[in-house]
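**Student:** Sharing a structure below in C-alpha cells format, with a few things to ask.
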Amino acid sequence: MATVSFEHVTKRFGEYVAVDDFNLEIQDREFVVLVGPSGCGKSTTLRMLAGLEKLSEGTIKIGGRVVNHILPKERDIAMVFQNYALYPHMTVYKNMAFGLRLRKFSKDEIDLRVRNAAEILDIHDLLKRKPRELSGGQRQRVAVGRAIVRKPSVFLFDEPLSNLDAKLRVQMRTEILKLYHRLQTTILYVTHDQIEAMTMGNKIVIMNAGKTLQVGRPIDVYNSPDNRFVAGFIGSPAMNFLEVTLVDEGGKLYVDGEKFRFPIPADKAQGYMEFKGQRCTFGIRPEHIYEQAQSKGHDPTVLVEARVELIELVGPFAILQIAFGGQIVVVQVDSSTQAEIGKKIALVFDMQKMHLFSTQPPYRRLGR
Amino acid sequence: MTEKLENLKCYLFLFPGLIFLFLFTYIPIFWSVWLSFNRWNLLSPKPRFAGLENFIRLWNDEVFWIVMKNTFAFVTISIFPTMILALIFAILIDERMKGRVYYIYSLFYPTLIPMAAAAMLWVYIYSPNLGILNILLAKFGLPKLGWLGSSKTSLWALIIMTFWKNLGFFMLIYLSGLQNVNRELYEAAYIDGAGWWRRHIQITFPLIGPTSLFVLVVAIILTFRVFDQIQLMTEGGPGNSSNVIVYYIFENGFKFFDWGKANALTAILVVIMLTLTVLIFGIFGKRITYTSD
C-alpha cells in the first residue's frame with residue numbers, strides 16, 4: 001500500500017524527449033491508467049517508476065520516499081509485462097517462486113504464497129507446467145501470479161492484455177478488476193486501448209507526444225475533454241469534428257459551417273460569448289446525434305437531412321457514415337434504424353452535448 | 001502418387017549435392033577405414049589386407065600415445081576457457097557497453113586473418129629474445145621461457161595461440177544466440193531482485209543452451225583438427241611435445257609414406273569424433289530449452 005508521485009519527470013533519449021515534465025499524484029489503493037497512442041511516453045513513464053529507465057530530470061516518490069536512485073528490487077513494486085516475460089525454462093511454480101527465492105523467503109512461506117496466488121488465479125493445476133505448454137490467457141495469469149506473490153505495494157501493468165484475442169481481453173479485464181478489489185493495492189496500468197482505460201481506471205491520464213493532456217476520472221474526461229486530442233482519443237467511435245465560425249445573430253449564438261448553421265442552446269451559449277466571431281472546431285460524439293425516428297424530446301431546431309454513405313451493424317447499435325457539411329460524420333444509432341445506403345435520413349444533433357475547441361495548438365476546449 | 005512424385009522431386013533437387021557429399025566425404029571415409037586394415041607403404045605400394053596390423057603397430061608405438069595425450073590435452077584445455085570467455089565477452093558486448101563495435105572487431109579480427117599470418121605473428125611473439133612475451137615477462141622480473149623451443153611449453157604456446165584465434169568466432173556465435181533471448185526476461189528478473197551474475201546464471205545460461213551445444217561440438221571438431229599452426233610453428237616438436245593426431249597423420253602419410261598407418265590413425269580420429277558428437281547430443285540434446293518465448 002503506497003502513494004506514488006511523479007514530480008516534473010522528464011526522460012530524454014539523446015535529443016528525443018520521450019516524457020516531458022510529467023506530474024502525477026497516485027493515491028494509496030488507486031487504480032490509475034496511463035493511456036495514449038504508441039510512442040506517447042506512457043511505457044517509458046511506467047519503466048521509470050519500475051527502475052528500468054533512469055530519469056533525465058525530476059523526482060519519483062513511492063510512499064513518500066524518493067526512489068530515483070533505488071534499485072527496482074528495493075522499490076517494493078511488481079510488474080506484469082506485455083509479453084508476459086515468463087522464464088521459459090522454469091515451471092509455473094518456479095516462475096512464481098523466483099522473486100521470493102531471491103528474497104530468501106523460507107520454503108514454507110514460498111509454497112504458501114505460490115499456492116495461495118495460484119488459487120486466486122485458478123491456475124493451481126498448471127503449477128508443474130512450463131510456459132510453452134500454456135495458452136495466452138494462462139500465461140497472462142501466471143504473469144499476474146508472479147506479481148502478486150510478492151505482495152508489493154504498487155503493481156505495474158505494461159499493456160498486459162494487448163497480446164490476447166478480443167474475447168479473452170474482455171475476460172481478463174474483469175479479472176484484473178476483481179483482483180484489484182480483492183487486493184486493494186495501488187495500480188499503475190499502461191494501455192493504448194481507450195476502452196480498457198475507461199473501464200478499469202479510477203483515474204486516467206491521457207498522454208500524447210510525451211506530454212500529459214488530461215488527468216481525471218474516466219467519466220469526467222469523457223464528458224469534458226480538455227482539448228481536441230483527448231476528445232478524439234477517448235470514446236469509440238471517435239468524436240466528429242467540423243470547422244465552424246461562432247456567429248452572434250440578434251443575441252443568439254450559432255455555430256456556422258459553410259453548409260449548415262446550428263443554434264447553441266441559451267444556457268450553453270453564455271460560456272461561448274467571448275469567442276463570438278472566431279473560427280473554431282465544433283465537436284459532437286456519434287452517440288449524441290440521433291435518428292429523428294428514434295429520438296424523443298430532443299430539440300428539433302437542429303434537424304438535419306443527410307445521405308447515408310455506409311452502415312455498420314454492430315449488434316445492439318449501428319454506426320452510420322453520413323455525408324454532411326462537406327465531410328463524413330459518424331452517427332451511432334439504435335440497430336432498429338431505418339437508414340439505407342444512398343438514401344437521406346433525418347438526424348437530430350443534441351446541442352447540449354456539443355463541444356467547441358480552439359483551432360490553434362494545443363486545441364483547447366472553449367467555454368466551460 | 002502425388003506424394004511420391006513430390007518426394008522424387010526433392011531427391012532430384014538434392015542429387016547434385018548428394019553426389020559431391022558421397023564423392024568427397026562418405027566414399028573417402030569408408031575407403032580410408034578400409035585402407036586402415038591394409039598394409040600400404042613404400043615397400044608394398046599396393047594395398048594388401050593385413051587385418052589389425054596397423055592398429056597393433058599403433059598400440060606399440062610410443063609416439064602414438066604421446067600424440068593422443070597431446071590431442072586430448074589440447075582439446076580439453078582449450079575448449080572450456082574459450083567457451084566461457086567467448087560467452088562472457090558476448091554478454092558484455094550484447095549489453096551495449098561503449099565501443100561495442102571496436103570490441104567486436106578486435107575480438108573477431110584474429111578469426112579473419114589467415115592462419116599463416118597469425119602463425120608468423122605468434123612466432124614473433126614467442127621468439128625467445130626478441131619476442132614481446134619474454135620482454136614482458138622480464139619487465140615483471142619473471143624468468144624468460146623457451147615457448148615454442150621448449151618441450152615443456154610448446155603445446156601450451158600452441159593452445160594459447162589457438163585460443164586467441166578461435167575466441168572471436170565463438171563470441172560471434174554466442175552474440176547471435178543472445179539476440180534470441182527475450183529482453184523482457186532480464187527486466188523481469190531485475191525487478192524480481194536478481195543481480196547481474198544471477199540474471200545470467202539463471203536466465204542466460206539455461207536459455208543459451210542450444211548455442212552452447214553447437215559451440216561445444218564445433219569447438220571439439222575444430223580443436224581435434226588443429227594442423228596449420230603446428231605445421232607452421234613447431235612441426236610437432238621439439239621431440240613430439242606438440243605433435244597431435246592430424247599432424248601425425250600427415251607425418252605418416254607424407255613424410256614416412258606409411259599410408260596404412262596414416263589411415264588407421266584417420267579411422268581412430270573418425271571414431272573418436274563420431275562417438276563424442278553422439279555422446280554430447282545424447283546427453284545434452286534433450287535437456288535443453290529450445291524456445292525462448
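By order of appearance in the C-alpha cells: chains A, B, ..., then residues from 1 within every chain, and ligands from 1 in the order shown.
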What are the residues of chain B lining chain A at 12 Å or less? Count only C-alpha atoms, and put the answer as a PDB file with all heavy atoms, in the first residue's frame.
**Tutor:**
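Output file part19.pdb follows:
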ATOM      1  N   VAL B 181      17.397 -14.270 -26.871  1.00  0.00           N
ATOM      2  CA  VAL B 181      16.866 -14.274 -25.510  1.00  0.00           C
ATOM      3  C   VAL B 181      16.037 -13.002 -25.324  1.00  0.00           C
ATOM      4  O   VAL B 181      16.525 -11.904 -25.545  1.00  0.00           O
ATOM      5  CB  VAL B 181      18.003 -14.329 -24.471  1.00  0.00           C
ATOM      6  CG1 VAL B 181      17.414 -14.335 -23.067  1.00  0.00           C
ATOM      7  CG2 VAL B 181      18.859 -15.563 -24.688  1.00  0.00           C
ATOM      8  N   ASN B 182      14.791 -13.196 -24.956  1.00  0.00           N
ATOM      9  CA  ASN B 182      13.857 -12.087 -24.794  1.00  0.00           C
ATOM     10  C   ASN B 182      14.347 -11.100 -23.724  1.00  0.00           C
ATOM     11  O   ASN B 182      14.596 -11.478 -22.591  1.00  0.00           O
ATOM     12  CB  ASN B 182      12.506 -12.686 -24.394  1.00  0.00           C
ATOM     13  CG  ASN B 182      11.429 -11.663 -24.261  1.00  0.00           C
ATOM     14  OD1 ASN B 182      11.685 -10.459 -24.377  1.00  0.00           O
ATOM     15  ND2 ASN B 182      10.220 -12.128 -24.016  1.00  0.00           N
ATOM     16  N   ARG B 183      14.479  -9.818 -24.125  1.00  0.00           N
ATOM     17  CA  ARG B 183      14.989  -8.776 -23.200  1.00  0.00           C
ATOM     18  C   ARG B 183      14.114  -8.641 -21.953  1.00  0.00           C
ATOM     19  O   ARG B 183      14.599  -8.332 -20.876  1.00  0.00           O
ATOM     20  CB  ARG B 183      15.035  -7.405 -23.872  1.00  0.00           C
ATOM     21  CG  ARG B 183      15.847  -7.331 -25.124  1.00  0.00           C
ATOM     22  CD  ARG B 183      17.307  -7.236 -24.813  1.00  0.00           C
ATOM     23  NE  ARG B 183      17.932  -8.363 -25.476  1.00  0.00           N
ATOM     24  CZ  ARG B 183      19.225  -8.588 -25.568  1.00  0.00           C
ATOM     25  NH1 ARG B 183      20.076  -7.779 -24.991  1.00  0.00           N
ATOM     26  NH2 ARG B 183      19.703  -9.639 -26.187  1.00  0.00           N
ATOM     27  N   GLU B 184      12.809  -8.829 -22.158  1.00  0.00           N
ATOM     28  CA  GLU B 184      11.890  -8.655 -21.030  1.00  0.00           C
ATOM     29  C   GLU B 184      12.222  -9.596 -19.877  1.00  0.00           C
ATOM     30  O   GLU B 184      11.959  -9.280 -18.733  1.00  0.00           O
ATOM     31  CB  GLU B 184      10.445  -8.898 -21.480  1.00  0.00           C
ATOM     32  CG  GLU B 184       9.786  -7.683 -22.100  1.00  0.00           C
ATOM     33  CD  GLU B 184       8.278  -7.875 -22.274  1.00  0.00           C
ATOM     34  OE1 GLU B 184       7.785  -9.004 -22.076  1.00  0.00           O
ATOM     35  OE2 GLU B 184       7.608  -6.892 -22.613  1.00  0.00           O
ATOM     36  N   LEU B 185      12.817 -10.760 -20.220  1.00  0.00           N
ATOM     37  CA  LEU B 185      13.146 -11.724 -19.161  1.00  0.00           C
ATOM     38  C   LEU B 185      14.166 -11.133 -18.195  1.00  0.00           C
ATOM     39  O   LEU B 185      14.083 -11.320 -16.983  1.00  0.00           O
ATOM     40  CB  LEU B 185      13.706 -13.012 -19.763  1.00  0.00           C
ATOM     41  CG  LEU B 185      12.740 -13.819 -20.623  1.00  0.00           C
ATOM     42  CD1 LEU B 185      13.432 -15.059 -21.163  1.00  0.00           C
ATOM     43  CD2 LEU B 185      11.535 -14.213 -19.802  1.00  0.00           C
ATOM     44  N   TYR B 186      15.136 -10.397 -18.747  1.00  0.00           N
ATOM     45  CA  TYR B 186      16.146  -9.779 -17.890  1.00  0.00           C
ATOM     46  C   TYR B 186      15.514  -8.699 -17.016  1.00  0.00           C
ATOM     47  O   TYR B 186      15.848  -8.553 -15.847  1.00  0.00           O
ATOM     48  CB  TYR B 186      17.262  -9.158 -18.736  1.00  0.00           C
ATOM     49  CG  TYR B 186      18.090 -10.167 -19.468  1.00  0.00           C
ATOM     50  CD1 TYR B 186      18.124 -10.213 -20.845  1.00  0.00           C
ATOM     51  CD2 TYR B 186      18.848 -11.104 -18.761  1.00  0.00           C
ATOM     52  CE1 TYR B 186      18.880 -11.150 -21.518  1.00  0.00           C
ATOM     53  CE2 TYR B 186      19.607 -12.043 -19.422  1.00  0.00           C
ATOM     54  CZ  TYR B 186      19.630 -12.060 -20.805  1.00  0.00           C
ATOM     55  OH  TYR B 186      20.371 -12.995 -21.461  1.00  0.00           O
ATOM     56  N   GLU B 187      14.590  -7.958 -17.627  1.00  0.00           N
ATOM     57  CA  GLU B 187      13.947  -6.891 -16.863  1.00  0.00           C
ATOM     58  C   GLU B 187      13.087  -7.486 -15.752  1.00  0.00           C
ATOM     59  O   GLU B 187      13.085  -6.992 -14.630  1.00  0.00           O
ATOM     60  CB  GLU B 187      13.106  -6.019 -17.797  1.00  0.00           C
ATOM     61  CG  GLU B 187      13.985  -5.274 -18.788  1.00  0.00           C
ATOM     62  CD  GLU B 187      13.219  -4.317 -19.674  1.00  0.00           C
ATOM     63  OE1 GLU B 187      11.992  -4.481 -19.796  1.00  0.00           O
ATOM     64  OE2 GLU B 187      13.855  -3.411 -20.236  1.00  0.00           O
ATOM     65  N   ALA B 188      12.380  -8.574 -16.110  1.00  0.00           N
ATOM     66  CA  ALA B 188      11.548  -9.237 -15.102  1.00  0.00           C
ATOM     67  C   ALA B 188      12.427  -9.742 -13.959  1.00  0.00           C
ATOM     68  O   ALA B 188      12.095  -9.569 -12.778  1.00  0.00           O
ATOM     69  CB  ALA B 188      10.778 -10.388 -15.732  1.00  0.00           C
ATOM     70  N   ALA B 189      13.557 -10.325 -14.305  1.00  0.00           N
ATOM     71  CA  ALA B 189      14.456 -10.865 -13.276  1.00  0.00           C
ATOM     72  C   ALA B 189      15.066  -9.730 -12.454  1.00  0.00           C
ATOM     73  O   ALA B 189      15.276  -9.863 -11.246  1.00  0.00           O
ATOM     74  CB  ALA B 189      15.548 -11.698 -13.925  1.00  0.00           C
ATOM     75  N   TYR B 190      15.332  -8.623 -13.120  1.00  0.00           N
ATOM     76  CA  TYR B 190      15.896  -7.463 -12.439  1.00  0.00           C
ATOM     77  C   TYR B 190      14.924  -6.961 -11.373  1.00  0.00           C
ATOM     78  O   TYR B 190      15.294  -6.701 -10.225  1.00  0.00           O
ATOM     79  CB  TYR B 190      16.164  -6.381 -13.493  1.00  0.00           C
ATOM     80  CG  TYR B 190      16.959  -5.191 -13.037  1.00  0.00           C
ATOM     81  CD1 TYR B 190      17.995  -5.309 -12.113  1.00  0.00           C
ATOM     82  CD2 TYR B 190      16.681  -3.922 -13.551  1.00  0.00           C
ATOM     83  CE1 TYR B 190      18.730  -4.199 -11.726  1.00  0.00           C
ATOM     84  CE2 TYR B 190      17.414  -2.808 -13.169  1.00  0.00           C
ATOM     85  CZ  TYR B 190      18.428  -2.950 -12.256  1.00  0.00           C
ATOM     86  OH  TYR B 190      19.142  -1.850 -11.863  1.00  0.00           O
ATOM     87  N   ILE B 191      13.651  -6.870 -11.774  1.00  0.00           N
ATOM     88  CA  ILE B 191      12.637  -6.432 -10.820  1.00  0.00           C
ATOM     89  C   ILE B 191      12.426  -7.501  -9.742  1.00  0.00           C
ATOM     90  O   ILE B 191      12.219  -7.186  -8.575  1.00  0.00           O
ATOM     91  CB  ILE B 191      11.307  -6.117 -11.546  1.00  0.00           C
ATOM     92  CG1 ILE B 191      11.496  -4.861 -12.394  1.00  0.00           C
ATOM     93  CG2 ILE B 191      10.167  -5.926 -10.558  1.00  0.00           C
ATOM     94  CD1 ILE B 191      10.296  -4.480 -13.216  1.00  0.00           C
ATOM     95  N   ASP B 192      12.529  -8.775 -10.145  1.00  0.00           N
ATOM     96  CA  ASP B 192      12.415  -9.868  -9.170  1.00  0.00           C
ATOM     97  C   ASP B 192      13.551  -9.844  -8.156  1.00  0.00           C
ATOM     98  O   ASP B 192      13.495 -10.528  -7.139  1.00  0.00           O
ATOM     99  CB  ASP B 192      12.415 -11.226  -9.884  1.00  0.00           C
ATOM    100  CG  ASP B 192      10.998 -11.712 -10.180  1.00  0.00           C
ATOM    101  OD1 ASP B 192      10.064 -11.229  -9.519  1.00  0.00           O
ATOM    102  OD2 ASP B 192      10.844 -12.583 -11.047  1.00  0.00           O
ATOM    103  N   GLY B 193      14.605  -9.087  -8.459  1.00  0.00           N
ATOM    104  CA  GLY B 193      15.686  -8.928  -7.482  1.00  0.00           C
ATOM    105  C   GLY B 193      16.977  -9.629  -7.839  1.00  0.00           C
ATOM    106  O   GLY B 193      17.857  -9.792  -6.997  1.00  0.00           O
ATOM    107  N   ALA B 194      17.114 -10.064  -9.095  1.00  0.00           N
ATOM    108  CA  ALA B 194      18.334 -10.765  -9.489  1.00  0.00           C
ATOM    109  C   ALA B 194      19.406  -9.767  -9.930  1.00  0.00           C
ATOM    110  O   ALA B 194      19.135  -8.884 -10.735  1.00  0.00           O
ATOM    111  CB  ALA B 194      18.029 -11.736 -10.628  1.00  0.00           C
ATOM    112  N   GLY B 195      20.598  -9.920  -9.383  1.00  0.00           N
ATOM    113  CA  GLY B 195      21.717  -9.070  -9.790  1.00  0.00           C
ATOM    114  C   GLY B 195      22.306  -9.555 -11.114  1.00  0.00           C
ATOM    115  O   GLY B 195      21.798 -10.493 -11.712  1.00  0.00           O
ATOM    116  N   ARG B 198      23.408 -13.303 -11.229  1.00  0.00           N
ATOM    117  CA  ARG B 198      22.272 -14.213 -11.099  1.00  0.00           C
ATOM    118  C   ARG B 198      21.377 -14.170 -12.338  1.00  0.00           C
ATOM    119  O   ARG B 198      20.871 -15.189 -12.785  1.00  0.00           O
ATOM    120  CB  ARG B 198      21.469 -13.844  -9.860  1.00  0.00           C
ATOM    121  CG  ARG B 198      20.622 -14.988  -9.372  1.00  0.00           C
ATOM    122  CD  ARG B 198      20.035 -14.674  -8.047  1.00  0.00           C
ATOM    123  NE  ARG B 198      20.924 -15.056  -6.961  1.00  0.00           N
ATOM    124  CZ  ARG B 198      20.930 -16.269  -6.425  1.00  0.00           C
ATOM    125  NH1 ARG B 198      20.125 -17.195  -6.902  1.00  0.00           N
ATOM    126  NH2 ARG B 198      21.716 -16.555  -5.438  1.00  0.00           N
ATOM    127  N   ARG B 199      21.244 -12.979 -12.911  1.00  0.00           N
ATOM    128  CA  ARG B 199      20.450 -12.878 -14.141  1.00  0.00           C
ATOM    129  C   ARG B 199      21.042 -13.779 -15.225  1.00  0.00           C
ATOM    130  O   ARG B 199      20.342 -14.470 -15.932  1.00  0.00           O
ATOM    131  CB  ARG B 199      20.413 -11.435 -14.646  1.00  0.00           C
ATOM    132  CG  ARG B 199      19.472 -10.549 -13.889  1.00  0.00           C
ATOM    133  CD  ARG B 199      18.984  -9.392 -14.743  1.00  0.00           C
ATOM    134  NE  ARG B 199      20.031  -8.462 -15.109  1.00  0.00           N
ATOM    135  CZ  ARG B 199      20.563  -7.556 -14.295  1.00  0.00           C
ATOM    136  NH1 ARG B 199      20.145  -7.491 -13.045  1.00  0.00           N
ATOM    137  NH2 ARG B 199      21.498  -6.736 -14.704  1.00  0.00           N
ATOM    138  N   GLN B 202      20.904 -17.631 -14.075  1.00  0.00           N
ATOM    139  CA  GLN B 202      19.562 -18.198 -14.058  1.00  0.00           C
ATOM    140  C   GLN B 202      18.831 -18.078 -15.387  1.00  0.00           C
ATOM    141  O   GLN B 202      17.870 -18.788 -15.636  1.00  0.00           O
ATOM    142  CB  GLN B 202      18.705 -17.502 -12.987  1.00  0.00           C
ATOM    143  CG  GLN B 202      19.301 -17.559 -11.604  1.00  0.00           C
ATOM    144  CD  GLN B 202      18.716 -18.688 -10.786  1.00  0.00           C
ATOM    145  OE1 GLN B 202      18.189 -19.627 -11.345  1.00  0.00           O
ATOM    146  NE2 GLN B 202      18.836 -18.604  -9.480  1.00  0.00           N
ATOM    147  N   ILE B 203      19.233 -17.107 -16.200  1.00  0.00           N
ATOM    148  CA  ILE B 203      18.473 -16.891 -17.436  1.00  0.00           C
ATOM    149  C   ILE B 203      19.327 -17.107 -18.683  1.00  0.00           C
ATOM    150  O   ILE B 203      18.998 -17.932 -19.527  1.00  0.00           O
ATOM    151  CB  ILE B 203      17.838 -15.484 -17.428  1.00  0.00           C
ATOM    152  CG1 ILE B 203      16.780 -15.457 -16.348  1.00  0.00           C
ATOM    153  CG2 ILE B 203      17.208 -15.174 -18.776  1.00  0.00           C
ATOM    154  CD1 ILE B 203      16.248 -14.128 -16.053  1.00  0.00           C
ATOM    155  N   THR B 204      20.442 -16.395 -18.772  1.00  0.00           N
ATOM    156  CA  THR B 204      21.240 -16.514 -19.988  1.00  0.00           C
ATOM    157  C   THR B 204      21.728 -17.951 -20.191  1.00  0.00           C
ATOM    158  O   THR B 204      21.529 -18.534 -21.249  1.00  0.00           O
ATOM    159  CB  THR B 204      22.462 -15.586 -19.934  1.00  0.00           C
ATOM    160  OG1 THR B 204      22.027 -14.291 -19.577  1.00  0.00           O
ATOM    161  CG2 THR B 204      23.151 -15.529 -21.280  1.00  0.00           C
ATOM    162  N   PHE B 205      22.381 -18.512 -19.165  1.00  0.00           N
ATOM    163  CA  PHE B 205      22.993 -19.828 -19.350  1.00  0.00           C
ATOM    164  C   PHE B 205      21.989 -20.897 -19.754  1.00  0.00           C
ATOM    165  O   PHE B 205      22.220 -21.614 -20.732  1.00  0.00           O
ATOM    166  CB  PHE B 205      23.795 -20.240 -18.105  1.00  0.00           C
ATOM    167  CG  PHE B 205      25.015 -19.390 -17.870  1.00  0.00           C
ATOM    168  CD1 PHE B 205      25.794 -19.554 -16.736  1.00  0.00           C
ATOM    169  CD2 PHE B 205      25.398 -18.414 -18.783  1.00  0.00           C
ATOM    170  CE1 PHE B 205      26.915 -18.753 -16.522  1.00  0.00           C
ATOM    171  CE2 PHE B 205      26.505 -17.600 -18.574  1.00  0.00           C
ATOM    172  CZ  PHE B 205      27.266 -17.777 -17.432  1.00  0.00           C
ATOM    173  N   PRO B 206      20.857 -21.015 -19.050  1.00  0.00           N
ATOM    174  CA  PRO B 206      19.903 -22.035 -19.494  1.00  0.00           C
ATOM    175  C   PRO B 206      19.347 -21.774 -20.892  1.00  0.00           C
ATOM    176  O   PRO B 206      19.163 -22.696 -21.666  1.00  0.00           O
ATOM    177  CB  PRO B 206      18.778 -21.944 -18.461  1.00  0.00           C
ATOM    178  CG  PRO B 206      19.320 -21.196 -17.315  1.00  0.00           C
ATOM    179  CD  PRO B 206      20.419 -20.342 -17.822  1.00  0.00           C
ATOM    180  N   LEU B 207      19.098 -20.502 -21.202  1.00  0.00           N
ATOM    181  CA  LEU B 207      18.427 -20.219 -22.470  1.00  0.00           C
ATOM    182  C   LEU B 207      19.375 -20.212 -23.656  1.00  0.00           C
ATOM    183  O   LEU B 207      18.949 -20.281 -24.801  1.00  0.00           O
ATOM    184  CB  LEU B 207      17.684 -18.882 -22.384  1.00  0.00           C
ATOM    185  CG  LEU B 207      16.510 -18.897 -21.408  1.00  0.00           C
ATOM    186  CD1 LEU B 207      15.768 -17.581 -21.438  1.00  0.00           C
ATOM    187  CD2 LEU B 207      15.558 -20.033 -21.728  1.00  0.00           C
ATOM    188  N   ILE B 208      20.666 -20.125 -23.364  1.00  0.00           N
ATOM    189  CA  ILE B 208      21.631 -20.106 -24.442  1.00  0.00           C
ATOM    190  C   ILE B 208      22.074 -21.542 -24.757  1.00  0.00           C
ATOM    191  O   ILE B 208      22.946 -21.778 -25.591  1.00  0.00           O
ATOM    192  CB  ILE B 208      22.817 -19.194 -24.036  1.00  0.00           C
ATOM    193  CG1 ILE B 208      23.553 -18.670 -25.246  1.00  0.00           C
ATOM    194  CG2 ILE B 208      23.780 -19.887 -23.111  1.00  0.00           C
ATOM    195  CD1 ILE B 208      23.144 -17.302 -25.599  1.00  0.00           C
ATOM    196  N   GLY B 209      21.436 -22.508 -24.092  1.00  0.00           N
ATOM    197  CA  GLY B 209      21.776 -23.921 -24.237  1.00  0.00           C
ATOM    198  C   GLY B 209      22.008 -24.412 -25.658  1.00  0.00           C
ATOM    199  O   GLY B 209      23.051 -25.004 -25.944  1.00  0.00           O
ATOM    200  N   ARG B 287      17.955 -32.077 -22.839  1.00  0.00           N
ATOM    201  CA  ARG B 287      17.760 -31.273 -21.629  1.00  0.00           C
ATOM    202  C   ARG B 287      17.719 -29.780 -21.905  1.00  0.00           C
ATOM    203  O   ARG B 287      17.666 -28.977 -21.002  1.00  0.00           O
ATOM    204  CB  ARG B 287      18.925 -31.524 -20.665  1.00  0.00           C
ATOM    205  CG  ARG B 287      18.965 -32.961 -20.249  1.00  0.00           C
ATOM    206  CD  ARG B 287      20.031 -33.191 -19.242  1.00  0.00           C
ATOM    207  NE  ARG B 287      20.191 -34.613 -19.045  1.00  0.00           N
ATOM    208  CZ  ARG B 287      20.984 -35.129 -18.140  1.00  0.00           C
ATOM    209  NH1 ARG B 287      21.698 -34.348 -17.370  1.00  0.00           N
ATOM    210  NH2 ARG B 287      21.101 -36.429 -18.023  1.00  0.00           N
ATOM    211  N   ILE B 288      17.796 -29.445 -23.168  1.00  0.00           N
ATOM    212  CA  ILE B 288      17.925 -28.031 -23.488  1.00  0.00           C
ATOM    213  C   ILE B 288      16.582 -27.396 -23.776  1.00  0.00           C
ATOM    214  O   ILE B 288      15.726 -28.001 -24.391  1.00  0.00           O
ATOM    215  CB  ILE B 288      18.890 -27.878 -24.686  1.00  0.00           C
ATOM    216  CG1 ILE B 288      20.310 -28.021 -24.168  1.00  0.00           C
ATOM    217  CG2 ILE B 288      18.683 -26.577 -25.398  1.00  0.00           C
ATOM    218  CD1 ILE B 288      21.326 -28.004 -25.251  1.00  0.00           C
ATOM    219  N   THR B 289      16.387 -26.175 -23.277  1.00  0.00           N
ATOM    220  CA  THR B 289      15.188 -25.418 -23.585  1.00  0.00           C
ATOM    221  C   THR B 289      15.395 -24.728 -24.918  1.00  0.00           C
ATOM    222  O   THR B 289      16.249 -23.877 -25.054  1.00  0.00           O
ATOM    223  CB  THR B 289      14.940 -24.346 -22.508  1.00  0.00           C
ATOM    224  OG1 THR B 289      14.958 -24.973 -21.243  1.00  0.00           O
ATOM    225  CG2 THR B 289      13.613 -23.664 -22.728  1.00  0.00           C
ATOM    226  N   TYR B 290      14.610 -25.141 -25.899  1.00  0.00           N
ATOM    227  CA  TYR B 290      14.823 -24.574 -27.225  1.00  0.00           C
ATOM    228  C   TYR B 290      14.015 -23.313 -27.493  1.00  0.00           C
ATOM    229  O   TYR B 290      14.346 -22.538 -28.350  1.00  0.00           O
ATOM    230  CB  TYR B 290      14.528 -25.610 -28.311  1.00  0.00           C
ATOM    231  CG  TYR B 290      15.696 -26.525 -28.552  1.00  0.00           C
ATOM    232  CD1 TYR B 290      15.771 -27.771 -27.962  1.00  0.00           C
ATOM    233  CD2 TYR B 290      16.771 -26.106 -29.346  1.00  0.00           C
ATOM    234  CE1 TYR B 290      16.867 -28.589 -28.156  1.00  0.00           C
ATOM    235  CE2 TYR B 290      17.858 -26.923 -29.548  1.00  0.00           C
ATOM    236  CZ  TYR B 290      17.891 -28.165 -28.953  1.00  0.00           C
ATOM    237  OH  TYR B 290      18.985 -28.969 -29.154  1.00  0.00           O
ATOM    238  N   THR B 291      12.921 -23.139 -26.739  1.00  0.00           N
ATOM    239  CA  THR B 291      12.120 -21.943 -27.005  1.00  0.00           C
ATOM    240  C   THR B 291      12.518 -20.845 -26.045  1.00  0.00           C
ATOM    241  O   THR B 291      12.976 -21.096 -24.939  1.00  0.00           O
ATOM    242  CB  THR B 291      10.627 -22.223 -26.782  1.00  0.00           C
ATOM    243  OG1 THR B 291      10.490 -22.751 -25.482  1.00  0.00           O
ATOM    244  CG2 THR B 291      10.089 -23.157 -27.814  1.00  0.00           C
ATOM    245  N   SER B 292      12.354 -19.630 -26.487  1.00  0.00           N
ATOM    246  CA  SER B 292      12.606 -18.530 -25.564  1.00  0.00           C
ATOM    247  C   SER B 292      11.397 -17.609 -25.550  1.00  0.00           C
ATOM    248  O   SER B 292      11.481 -16.474 -25.191  1.00  0.00           O
ATOM    249  CB  SER B 292      13.870 -17.775 -25.954  1.00  0.00           C
ATOM    250  OG  SER B 292      13.731 -17.216 -27.228  1.00  0.00           O
ATOM    251  N   ASP B 293      10.268 -18.157 -25.940  1.00  0.00           N
ATOM    252  CA  ASP B 293       9.083 -17.283 -25.944  1.00  0.00           C
ATOM    253  C   ASP B 293       8.358 -17.322 -24.611  1.00  0.00           C
ATOM    254  O   ASP B 293       8.636 -18.170 -23.778  1.00  0.00           O
ATOM    255  CB  ASP B 293       8.116 -17.696 -27.055  1.00  0.00           C
ATOM    256  CG  ASP B 293       7.578 -19.086 -26.848  1.00  0.00           C
ATOM    257  OD1 ASP B 293       8.331 -19.934 -26.310  1.00  0.00           O
ATOM    258  OD2 ASP B 293       6.433 -19.357 -27.197  1.00  0.00           O
TER     259      ASP B 293
END
**Student:** Show which residues sit within 8 Å of Leu87 of chain B, as an MDAnalysis selection string. Count only C-alpha atoms, and ignore same-chain residues fewer than 5 positions away.
**Tutor:** chainID B and resid 170:171 174:175
**Student:** Measure the distance from atom CA of Asp220 of chain A to atom CA of Met354 of chain A in Å and round it to one decimal.
**Tutor:**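 So the answer is 14.7 Å.
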**Student:** Can you pull out every residue from segment 185-287 of chain A that DSSP, working from the backbone, puts in alpha helix (DSSP H), and format the result as a PyMOL selection string?
**Tutor:** chain A and resi 194-200+218-223+228-233+266-272
**Student:** Do a neighbour search on Gln352 of chain A at 12 Å with only C-alpha atoms, toss out local chain neighbours closer than 4 positions, and write the hits as an NGL selection string.
**Tutor:** :A and (223 or 262-269 or 283-285 or 288-289 or 298-299 or 302 or 348 or 356)
**Student:** Within 12 Å of Cys40 of chain A, counting only C-alpha atoms, which residues show up once you throw out same-chain ones fewer than 2 positions away? Write them as a PyMOL selection string, please.
**Tutor:** chain A and resi 11+16-20+22+34-38+42-46+190-192+205-213
**Student:** Skip Ala73 of chain B itself and residues of its chain fewer than 2 positions away, then list as an MDAnalysis selection string all residues within 12 Å of it, counting only C-alpha atoms.
**Tutor:** chainID B and resid 66:71 75:80 155:156 158:159 220 223:224 241:245
**Student:** Please list as a PyMOL selection string every residue within 10 Å of Leu167 of chain B, counting only C-alpha atoms and excluding residues in the same chain fewer than 3 positions away.
**Tutor:** chain B and resi 79+81-87+89+107-111+162-164+170-172
